[in-house]
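Source file entry.pdb; content: PDB, C-alpha atoms.
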```
ATOM      1  CA  MET B 198     -17.006  67.095 -35.947
ATOM      2  CA  THR B 199     -19.988  65.561 -37.725
ATOM      3  CA  THR B 200     -19.900  62.339 -39.680
ATOM      4  CA  LEU B 201     -21.868  61.657 -42.827
ATOM      5  CA  ALA B 202     -22.339  58.175 -44.227
ATOM      6  CA  PRO B 203     -23.272  57.528 -47.867
ATOM      7  CA  ASP B 204     -26.655  56.022 -48.651
ATOM      8  CA  ARG B 205     -25.949  52.301 -48.527
ATOM      9  CA  ARG B 206     -29.111  51.131 -50.207
ATOM     10  CA  ASN B 207     -28.693  52.686 -53.626
ATOM     11  CA  GLY B 208     -25.959  53.041 -56.178
ATOM     12  CA  LYS B 209     -25.784  56.163 -58.268
ATOM     13  CA  GLY B 210     -27.383  54.348 -61.156
ATOM     14  CA  GLY B 211     -30.331  53.055 -59.153
ATOM     15  CA  ALA B 212     -32.345  56.187 -58.474
ATOM     16  CA  PRO B 213     -35.612  56.380 -60.426
ATOM     17  CA  ARG B 214     -36.053  59.565 -62.385
ATOM     18  CA  ALA B 215     -39.183  61.647 -62.500
ATOM     19  CA  GLY B 216     -41.218  60.414 -65.435
ATOM     20  CA  THR B 217     -41.673  62.309 -68.671
ATOM     21  CA  ALA B 218     -44.714  61.958 -70.907
ATOM     22  CA  SER B 219     -42.900  59.475 -73.137
ATOM     23  CA  GLU B 220     -41.788  57.428 -70.151
ATOM     24  CA  ALA B 221     -45.339  57.336 -68.783
ATOM     25  CA  GLY B 222     -46.542  56.075 -72.135
ATOM     26  CA  THR B 223     -43.896  53.382 -72.193
ATOM     27  CA  ALA B 224     -44.823  52.284 -68.686
ATOM     28  CA  SER B 225     -48.571  52.308 -69.297
ATOM     29  CA  GLY B 226     -48.727  48.601 -69.953
ATOM     30  CA  ALA B 227     -46.895  47.678 -66.749
ATOM     31  CA  GLY B 228     -49.793  48.222 -64.357
ATOM     32  CA  THR B 229     -53.553  47.715 -64.306
ATOM     33  CA  ALA B 230     -56.523  49.599 -62.916
ATOM     34  CA  SER B 231     -57.373  46.679 -60.640
ATOM     35  CA  GLU B 232     -53.804  46.523 -59.295
ATOM     36  CA  VAL B 233     -53.620  50.180 -58.288
ATOM     37  CA  GLY B 234     -57.213  50.045 -57.067
ATOM     38  CA  ALA B 235     -56.419  47.232 -54.654
ATOM     39  CA  LEU B 236     -53.383  49.103 -53.352
ATOM     40  CA  LEU B 237     -55.362  52.303 -52.828
ATOM     41  CA  ARG B 238     -58.138  50.389 -51.065
ATOM     42  CA  GLY B 239     -55.551  48.836 -48.765
ATOM     43  CA  TRP B 240     -54.098  52.230 -47.837
ATOM     44  CA  ARG B 241     -57.578  53.691 -47.298
ATOM     45  CA  GLN B 242     -58.629  50.844 -45.024
ATOM     46  CA  GLU B 243     -55.353  51.012 -43.127
ATOM     47  CA  ARG B 244     -55.954  54.720 -42.509
ATOM     48  CA  ARG B 245     -59.546  53.924 -41.453
ATOM     49  CA  VAL B 246     -61.009  56.372 -43.936
ATOM     50  CA  SER B 247     -64.331  55.719 -45.667
ATOM     51  CA  GLN B 248     -64.781  56.092 -49.409
ATOM     52  CA  LEU B 249     -67.041  59.082 -48.778
ATOM     53  CA  GLU B 250     -64.521  60.788 -46.509
ATOM     54  CA  LEU B 251     -61.712  60.235 -49.013
ATOM     55  CA  ALA B 252     -63.915  61.542 -51.819
ATOM     56  CA  LEU B 253     -64.633  64.718 -49.863
ATOM     57  CA  ARG B 254     -60.936  65.229 -49.172
ATOM     58  CA  ALA B 255     -60.003  64.678 -52.824
ATOM     59  CA  ASP B 256     -62.906  66.684 -54.310
ATOM     60  CA  SER B 257     -64.313  63.566 -55.942
ATOM     61  CA  SER B 258     -67.273  61.242 -55.351
ATOM     62  CA  ALA B 259     -67.632  58.041 -53.360
ATOM     63  CA  ARG B 260     -68.844  56.365 -56.568
ATOM     64  CA  HIS B 261     -65.673  57.296 -58.436
ATOM     65  CA  ILE B 262     -63.483  56.138 -55.513
ATOM     66  CA  SER B 263     -65.352  52.827 -55.573
ATOM     67  CA  PHE B 264     -64.831  52.455 -59.332
ATOM     68  CA  VAL B 265     -61.103  53.136 -58.939
ATOM     69  CA  GLU B 266     -60.723  50.621 -56.112
ATOM     70  CA  THR B 267     -62.569  47.870 -57.972
ATOM     71  CA  GLY B 268     -60.683  48.470 -61.221
ATOM     72  CA  ARG B 269     -63.718  49.701 -63.156
ATOM     73  CA  SER B 270     -62.040  53.074 -63.662
ATOM     74  CA  LYS B 271     -58.366  53.784 -64.288
ATOM     75  CA  PRO B 272     -57.216  56.844 -62.325
ATOM     76  CA  SER B 273     -55.076  59.525 -63.916
ATOM     77  CA  GLU B 274     -51.528  60.029 -62.704
ATOM     78  CA  GLU B 275     -52.506  63.205 -60.866
ATOM     79  CA  PHE B 276     -55.503  61.534 -59.229
ATOM     80  CA  VAL B 277     -53.304  58.710 -57.934
ATOM     81  CA  LEU B 278     -50.987  61.286 -56.369
ATOM     82  CA  LYS B 279     -53.908  63.271 -54.950
ATOM     83  CA  LEU B 280     -55.350  60.193 -53.239
ATOM     84  CA  ALA B 281     -51.899  59.231 -51.983
ATOM     85  CA  GLU B 282     -51.457  62.692 -50.493
ATOM     86  CA  HIS B 283     -54.801  62.563 -48.663
ATOM     87  CA  LEU B 284     -54.054  59.050 -47.395
ATOM     88  CA  ASP B 285     -50.607  60.103 -46.162
ATOM     89  CA  VAL B 286     -48.929  57.404 -48.243
ATOM     90  CA  PRO B 287     -45.115  57.536 -47.847
ATOM     91  CA  VAL B 288     -43.239  58.981 -50.815
ATOM     92  CA  ARG B 289     -41.555  55.635 -51.552
ATOM     93  CA  GLU B 290     -44.949  53.923 -51.791
ATOM     94  CA  ARG B 291     -46.326  56.673 -54.047
ATOM     95  CA  ASN B 292     -43.872  55.516 -56.683
ATOM     96  CA  ALA B 293     -45.236  51.984 -56.230
ATOM     97  CA  LEU B 294     -48.798  53.260 -56.736
ATOM     98  CA  LEU B 295     -47.805  55.057 -59.921
ATOM     99  CA  LEU B 296     -46.117  51.930 -61.294
ATOM    100  CA  ALA B 297     -49.170  49.841 -60.426
ATOM    101  CA  ALA B 298     -51.327  52.307 -62.367
ATOM    102  CA  GLY B 299     -49.022  52.113 -65.397
ATOM    103  CA  TYR B 300     -47.157  55.397 -64.908
ATOM    104  CA  ALA B 301     -43.491  56.163 -64.398
ATOM    105  CA  PRO B 302     -42.184  56.898 -60.893
ATOM    106  CA  ARG B 303     -42.455  60.570 -60.001
ATOM    107  CA  PHE B 304     -40.001  60.753 -57.105
ATOM    108  CA  ARG B 305     -36.254  60.254 -57.360
ATOM    109  CA  GLN B 306     -34.259  58.261 -54.823
ATOM    110  CA  THR B 307     -30.904  59.977 -54.813
ATOM    111  CA  PRO B 308     -27.988  58.695 -52.698
ATOM    112  CA  LEU B 309     -26.846  61.194 -50.098
ATOM    113  CA  ASP B 310     -23.328  61.172 -51.517
ATOM    114  CA  ASP B 311     -24.564  62.201 -54.959
ATOM    115  CA  PRO B 312     -23.208  65.631 -56.035
ATOM    116  CA  SER B 313     -26.772  66.923 -56.415
ATOM    117  CA  MET B 314     -27.248  66.431 -52.673
ATOM    118  CA  GLY B 315     -24.353  68.739 -51.770
ATOM    119  CA  ALA B 316     -26.568  71.554 -50.504
ATOM    120  CA  LEU B 317     -28.533  69.124 -48.334
ATOM    121  CA  ARG B 318     -25.391  67.580 -46.851
ATOM    122  CA  ALA B 319     -23.923  71.003 -46.113
ATOM    123  CA  GLY B 320     -27.168  72.126 -44.490
ATOM    124  CA  LEU B 321     -27.296  69.072 -42.257
ATOM    125  CA  GLU B 322     -23.655  69.595 -41.279
ATOM    126  CA  ARG B 323     -24.338  73.205 -40.271
ATOM    127  CA  LEU B 324     -27.452  72.199 -38.359
ATOM    128  CA  LEU B 325     -25.678  69.493 -36.344
ATOM    129  CA  GLN B 326     -22.599  71.589 -35.664
ATOM    130  CA  GLY B 327     -24.725  74.548 -34.641
ATOM    131  CA  TYR B 328     -26.520  72.413 -32.049
ATOM    132  CA  GLU B 329     -23.288  71.452 -30.269
ATOM    133  CA  PRO B 330     -22.484  70.871 -27.456
ATOM    134  CA  TYR B 331     -25.921  69.242 -27.264
ATOM    135  CA  PRO B 332     -26.399  65.866 -29.022
ATOM    136  CA  ALA B 333     -28.059  65.649 -32.452
ATOM    137  CA  LEU B 334     -28.142  63.100 -35.264
ATOM    138  CA  VAL B 335     -29.786  62.293 -38.584
ATOM    139  CA  VAL B 336     -31.280  58.866 -39.273
ATOM    140  CA  ASP B 337     -32.955  57.206 -42.245
ATOM    141  CA  ALA B 338     -36.177  55.193 -42.400
ATOM    142  CA  THR B 339     -34.653  52.203 -40.583
ATOM    143  CA  TYR B 340     -32.773  54.310 -38.015
ATOM    144  CA  ASP B 341     -29.374  53.911 -39.622
ATOM    145  CA  VAL B 342     -27.311  56.934 -38.606
ATOM    146  CA  VAL B 343     -26.251  59.034 -41.593
ATOM    147  CA  ALA B 344     -24.891  61.984 -39.596
ATOM    148  CA  ALA B 345     -24.129  62.802 -35.964
ATOM    149  CA  ASN B 346     -22.389  65.562 -34.035
ATOM    150  CA  ARG B 347     -19.809  65.492 -31.251
ATOM    151  CA  GLY B 348     -22.514  65.466 -28.599
ATOM    152  CA  ILE B 349     -23.676  62.064 -29.832
ATOM    153  CA  ALA B 350     -20.109  60.806 -30.175
ATOM    154  CA  SER B 351     -19.488  61.672 -26.528
ATOM    155  CA  LEU B 352     -22.486  59.624 -25.367
ATOM    156  CA  LEU B 353     -21.217  56.626 -27.336
ATOM    157  CA  ASP B 354     -17.816  56.547 -25.646
ATOM    158  CA  GLY B 355     -16.942  53.077 -24.403
ATOM    159  CA  LEU B 356     -19.427  51.093 -26.492
ATOM    160  CA  PRO B 357     -18.167  47.836 -28.072
ATOM    161  CA  GLU B 358     -16.830  47.957 -31.614
ATOM    162  CA  HIS B 359     -19.488  45.635 -33.030
ATOM    163  CA  LEU B 360     -22.173  48.194 -32.211
ATOM    164  CA  LEU B 361     -20.143  51.075 -33.653
ATOM    165  CA  ALA B 362     -19.329  49.337 -36.939
ATOM    166  CA  PRO B 363     -21.186  50.612 -40.024
ATOM    167  CA  PRO B 364     -24.053  50.732 -40.562
ATOM    168  CA  LEU B 365     -24.528  52.425 -37.202
ATOM    169  CA  ASN B 366     -28.134  51.924 -36.067
ATOM    170  CA  ALA B 367     -29.678  54.224 -33.477
ATOM    171  CA  MET B 368     -32.173  51.676 -32.105
ATOM    172  CA  ARG B 369     -29.504  49.020 -31.630
ATOM    173  CA  LEU B 370     -27.195  51.545 -29.966
ATOM    174  CA  VAL B 371     -29.868  52.534 -27.454
ATOM    175  CA  LEU B 372     -31.605  49.212 -26.723
ATOM    176  CA  HIS B 373     -28.844  46.594 -27.069
ATOM    177  CA  PRO B 374     -27.793  45.212 -23.653
ATOM    178  CA  GLU B 375     -24.167  46.052 -24.545
ATOM    179  CA  GLY B 376     -25.116  49.482 -25.847
ATOM    180  CA  LEU B 377     -26.529  52.483 -24.011
ATOM    181  CA  ALA B 378     -29.297  50.473 -22.317
ATOM    182  CA  PRO B 379     -27.346  49.750 -19.095
ATOM    183  CA  ARG B 380     -26.662  53.492 -18.723
ATOM    184  CA  ILE B 381     -30.283  54.599 -19.119
ATOM    185  CA  ARG B 382     -31.810  55.163 -15.678
ATOM    186  CA  ASN B 383     -35.428  55.071 -16.914
ATOM    187  CA  LEU B 384     -34.834  52.255 -19.410
ATOM    188  CA  ARG B 385     -38.277  50.632 -19.234
ATOM    189  CA  GLU B 386     -40.072  53.899 -19.930
ATOM    190  CA  TRP B 387     -37.661  54.946 -22.684
ATOM    191  CA  ARG B 388     -37.716  51.496 -24.287
ATOM    192  CA  GLY B 389     -41.522  51.540 -24.293
ATOM    193  CA  HIS B 390     -41.496  54.969 -25.920
ATOM    194  CA  LEU B 391     -39.094  53.849 -28.683
ATOM    195  CA  LEU B 392     -40.955  50.622 -29.432
ATOM    196  CA  HIS B 393     -44.262  52.484 -29.611
ATOM    197  CA  GLN B 394     -42.663  54.985 -31.976
ATOM    198  CA  MET B 395     -41.506  52.149 -34.238
ATOM    199  CA  GLU B 396     -44.959  50.526 -34.139
ATOM    200  CA  ARG B 397     -46.545  53.756 -35.379
ATOM    201  CA  GLN B 398     -43.995  54.003 -38.190
ATOM    202  CA  ILE B 399     -44.523  50.387 -39.250
ATOM    203  CA  ALA B 400     -48.256  51.060 -39.516
ATOM    204  CA  LEU B 401     -47.591  54.131 -41.659
ATOM    205  CA  GLN B 402     -44.803  52.784 -43.873
ATOM    206  CA  ARG B 403     -45.403  49.037 -44.356
ATOM    207  CA  SER B 404     -41.642  48.545 -44.162
ATOM    208  CA  GLY B 405     -40.407  44.979 -43.905
ATOM    209  CA  ALA B 406     -36.936  46.182 -42.944
ATOM    210  CA  LEU B 407     -38.327  48.342 -40.153
ATOM    211  CA  ARG B 408     -40.477  45.480 -38.875
ATOM    212  CA  ALA B 409     -37.437  43.179 -38.822
ATOM    213  CA  LEU B 410     -35.507  45.782 -36.820
ATOM    214  CA  TYR B 411     -38.433  46.156 -34.421
ATOM    215  CA  GLU B 412     -38.621  42.403 -33.827
ATOM    216  CA  GLU B 413     -34.865  42.307 -33.211
ATOM    217  CA  VAL B 414     -34.672  45.143 -30.682
ATOM    218  CA  ALA B 415     -37.945  44.189 -28.960
ATOM    219  CA  ALA B 416     -36.426  40.781 -28.236
ATOM    220  CA  TYR B 417     -33.368  42.219 -26.477
ATOM    221  CA  PRO B 418     -33.311  41.361 -22.758
ATOM    222  CA  VAL B 419     -34.368  44.291 -20.612
ATOM    223  CA  LEU B 420     -31.787  45.112 -17.988
ATOM    224  CA  ASP B 421     -32.883  46.591 -14.689
ATOM    225  CA  PRO B 422     -30.801  49.712 -14.040
ATOM    226  CA  GLY B 423     -32.311  50.014 -10.583
ATOM    227  CA  GLU B 424     -34.717  52.583  -9.214
ATOM    228  CA  ASP B 425     -34.259  56.030 -10.686
ATOM    229  CA  THR B 426     -34.302  57.746  -7.317
ATOM    230  CA  ALA B 427     -32.272  60.680  -8.600
ATOM    231  CA  ALA B 428     -35.309  61.763 -10.620
ATOM    232  CA  ASP B 429     -37.256  62.565  -7.457
ATOM    233  CA  GLY B 430     -37.501  66.261  -6.793
ATOM    234  CA  GLN B 431     -36.057  67.250 -10.170
ATOM    235  CA  VAL B 432     -37.413  69.972 -12.440
ATOM    236  CA  PRO B 433     -40.895  68.950 -13.738
ATOM    237  CA  HIS B 434     -40.692  67.675 -17.315
ATOM    238  CA  PHE B 435     -43.053  68.599 -20.148
ATOM    239  CA  ALA B 436     -42.201  65.350 -22.009
ATOM    240  CA  LEU B 437     -40.682  61.977 -21.139
ATOM    241  CA  PRO B 438     -36.965  62.581 -20.505
ATOM    242  CA  LEU B 439     -34.077  60.314 -21.421
ATOM    243  CA  ARG B 440     -32.049  59.995 -18.221
ATOM    244  CA  ILE B 441     -28.628  58.550 -18.983
ATOM    245  CA  GLU B 442     -25.447  58.064 -16.966
ATOM    246  CA  HIS B 443     -22.368  59.711 -18.404
ATOM    247  CA  GLU B 444     -18.964  60.055 -16.762
ATOM    248  CA  GLY B 445     -20.275  59.620 -13.244
ATOM    249  CA  ARG B 446     -23.340  61.840 -13.488
ATOM    250  CA  VAL B 447     -26.888  61.553 -14.829
ATOM    251  CA  LEU B 448     -27.792  63.705 -17.809
ATOM    252  CA  SER B 449     -31.404  64.413 -18.723
ATOM    253  CA  PHE B 450     -32.671  65.109 -22.254
ATOM    254  CA  ILE B 451     -35.928  65.679 -24.097
ATOM    255  CA  SER B 452     -36.003  64.307 -27.651
ATOM    256  CA  SER B 453     -37.333  66.292 -30.601
ATOM    257  CA  ILE B 454     -37.643  64.856 -34.137
ATOM    258  CA  SER B 455     -37.923  66.931 -37.324
ATOM    259  CA  THR B 456     -38.555  65.877 -40.930
ATOM    260  CA  PHE B 457     -38.538  67.704 -44.253
ATOM    261  CA  ASN B 458     -41.717  69.405 -45.418
ATOM    262  CA  THR B 459     -43.159  68.255 -48.802
ATOM    263  CA  PRO B 460     -40.053  66.310 -49.925
ATOM    264  CA  MET B 461     -39.685  65.478 -53.618
ATOM    265  CA  ASP B 462     -37.069  62.742 -53.171
ATOM    266  CA  VAL B 463     -37.498  59.369 -51.441
ATOM    267  CA  THR B 464     -34.160  59.658 -49.634
ATOM    268  CA  VAL B 465     -35.002  63.096 -48.260
ATOM    269  CA  ALA B 466     -38.521  62.019 -47.293
ATOM    270  CA  GLU B 467     -37.095  59.264 -45.104
ATOM    271  CA  LEU B 468     -34.565  61.402 -43.219
ATOM    272  CA  ALA B 469     -35.266  62.539 -39.659
ATOM    273  CA  VAL B 470     -33.236  64.932 -37.514
ATOM    274  CA  GLU B 471     -33.310  64.105 -33.802
ATOM    275  CA  THR B 472     -32.067  66.649 -31.295
ATOM    276  CA  LEU B 473     -31.644  66.052 -27.574
ATOM    277  CA  LEU B 474     -32.638  69.121 -25.609
ATOM    278  CA  PRO B 475     -31.193  69.363 -22.077
ATOM    279  CA  ALA B 476     -34.069  68.861 -19.659
ATOM    280  CA  ASP B 477     -32.536  70.430 -16.538
ATOM    281  CA  PRO B 478     -30.032  73.163 -15.636
ATOM    282  CA  ALA B 479     -27.427  70.662 -14.447
ATOM    283  CA  THR B 480     -27.279  69.010 -17.881
ATOM    284  CA  VAL B 481     -27.009  72.405 -19.583
ATOM    285  CA  LYS B 482     -24.130  73.478 -17.345
ATOM    286  CA  TYR B 483     -22.231  70.209 -17.687
ATOM    287  CA  LEU B 484     -22.388  70.139 -21.486
ATOM    288  CA  GLN B 485     -21.561  73.808 -21.870
ATOM    289  CA  ASP B 486     -18.582  73.490 -19.523
ATOM    290  CA  ARG B 487     -17.286  70.565 -21.575
ATOM    291  CA  GLY B 488     -17.668  72.597 -24.774
TER     292      GLY B 488
END
```
Please rewrite the model in this file as structure tokens.
Amino acid sequence: MTTLAPDRRNGKGGAPRAGTASEAGTASGAGTASEVGALLRGWRQERRVSQLELALRADSSARHISFVETGRSKPSEEFVLKLAEHLDVPVRERNALLLAAGYAPRFRQTPLDDPSMGALRAGLERLLQGYEPYPALVVDATYDVVAANRGIASLLDGLPEHLLAPPLNAMRLVLHPEGLAPRIRNLREWRGHLLHQMERQIALQRSGALRALYEEVAAYPVLDPGEDTAADGQVPHFALPLRIEHEGRVLSFISSISTFNTPMDVTVAELAVETLLPADPATVKYLQDRG
């Protein structure tokens, strides 16, 4: 059985609505050309893209990009969104760019338990249930678990209550010394992979909450599970496997992460579905026999 947790960050009244023309006019005094220009310059420099390269991508000119960044020219709403798209600015931050330019937010932030999200919730439920008996879960931008199937629940058996109390966080569950870490046979490699993944996301998202989580889990003591001798002679892997002890045997998984294409809602944009694909025949047989 899957579990779905409501979005804890937003009440039903807190989601910004897509702006209408009248709303954009009302908001036009809230931002300035120099404010949005500085933000766009920061994103461009962070992405290591020159003004000329960005201009070519956006069908503009380096001169116009320069005028926008220095505040000499106020960009239109559509031009702000076009630059944000070519700079791979997260959906949440695109709303911030629009506000800085004096426009209304374009993208809603709808709680997952909102009635309008019913089709999404049902789709995620079917996806997770359909993947059983293999583990799968859905996390948000700070790795809080919003849905998980029975395969994940099985791996969490025996963990202390303080780690299982809401909000359940995937990174804490895996890396905490009282969590799954002592069971992971290749802990140093898997820990390095997860921390590197978080570093890439921090660079892309500028998330203070994600950085705080990273600093917390990176500071956890690293337990030595011993040499992973059982990995010798196993089936060659096409990606780094997660090798984890479970009920007296070692299971091996490859992780795959999926996100939504062209999301129009901040909440949806920040969801990720992680599936654990069995990496050897023994893991397949064990999980299928268990049902």
_Could you list, as a ChimeraX atom specification, every residue matched by the PyMOL selection byres ((chain B and resi 462) around 6) in this structure?_
/B:304-306,460-461,463-465
Could you give me the centre and size, in Å to one decimal, of an axis-aligned box around all listed atoms of range 348-364 of chain B with 8 Å added on every side, as JSON?
```
{"center_x": -20.4, "center_y": 55.6, "center_z": -32.5, "size_x": 23.2, "size_y": 35.8, "size_z": 32.2}
```
*Test item: residues at most 10 Å from Val447 in chain B, all atoms listed in the file, excluding those fewer than 6 positions along its chain, as an NGL selection string*: :B and (380-382 or 427-428 or 439-441 or 479-480)
*Have a look at B:Val335, B:Val288, B:Leu437, B:His261 and name the one nearest to Asn458 in chain B; count all atoms listed in the file.*
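That would be B:Val288, the residue with the smallest distance to Asn458 in chain B.
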*Name the residues that the PyMOL selection byres ((chain B and resi 355-363) around 10) pulls out of this structure, and write them as a ChimeraX atom specification.*
/B:202,205,341-343,351-354,364-367,369-370,373,375-377
*Interatomic distance, CA of Val277 in chain B to CA of Glu396 in chain B (Å, one decimal)*: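 Rounded to one decimal, the two atoms are 26.5 Å apart.
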*asked:* Nearest residue to Glu471 in chain B out of B:Ala415, B:Pro272, B:Tyr340, B:Gly445, using all atoms listed in the file?
replied: B:Tyr340
*How many Å lie between CA of Arg254 in chain B and CA of Arg291 in chain B, rounded to one decimal?*
17.6 Å
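Restricting the calculation to all atoms listed in the file, the smallest distance between Ala466 in chain B and any of B:Ala252, B:Leu295, B:Ala416, B:Val286 is found for B:Val286.
Between CA of Arg303 in chain B and CA of Trp240 in chain B lies a distance of 18.8 Å.
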*Check which residues satisfy the PyMOL selection byres ((chain B and resi 282) around 12) in the file shown, then give them as a list in words.*
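Selected by the PyMOL selection byres ((chain B and resi 282) around 12) in this file: Leu237, Trp240, Arg241, Leu251, Arg254, Ala255, Glu275, Phe276, Val277, Leu278, Lys279, Leu280, Ala281, His283, Leu284, Asp285, Val286, Pro287, Val288, Glu290, Arg291, Leu294, Thr459 and Pro460 of chain B.
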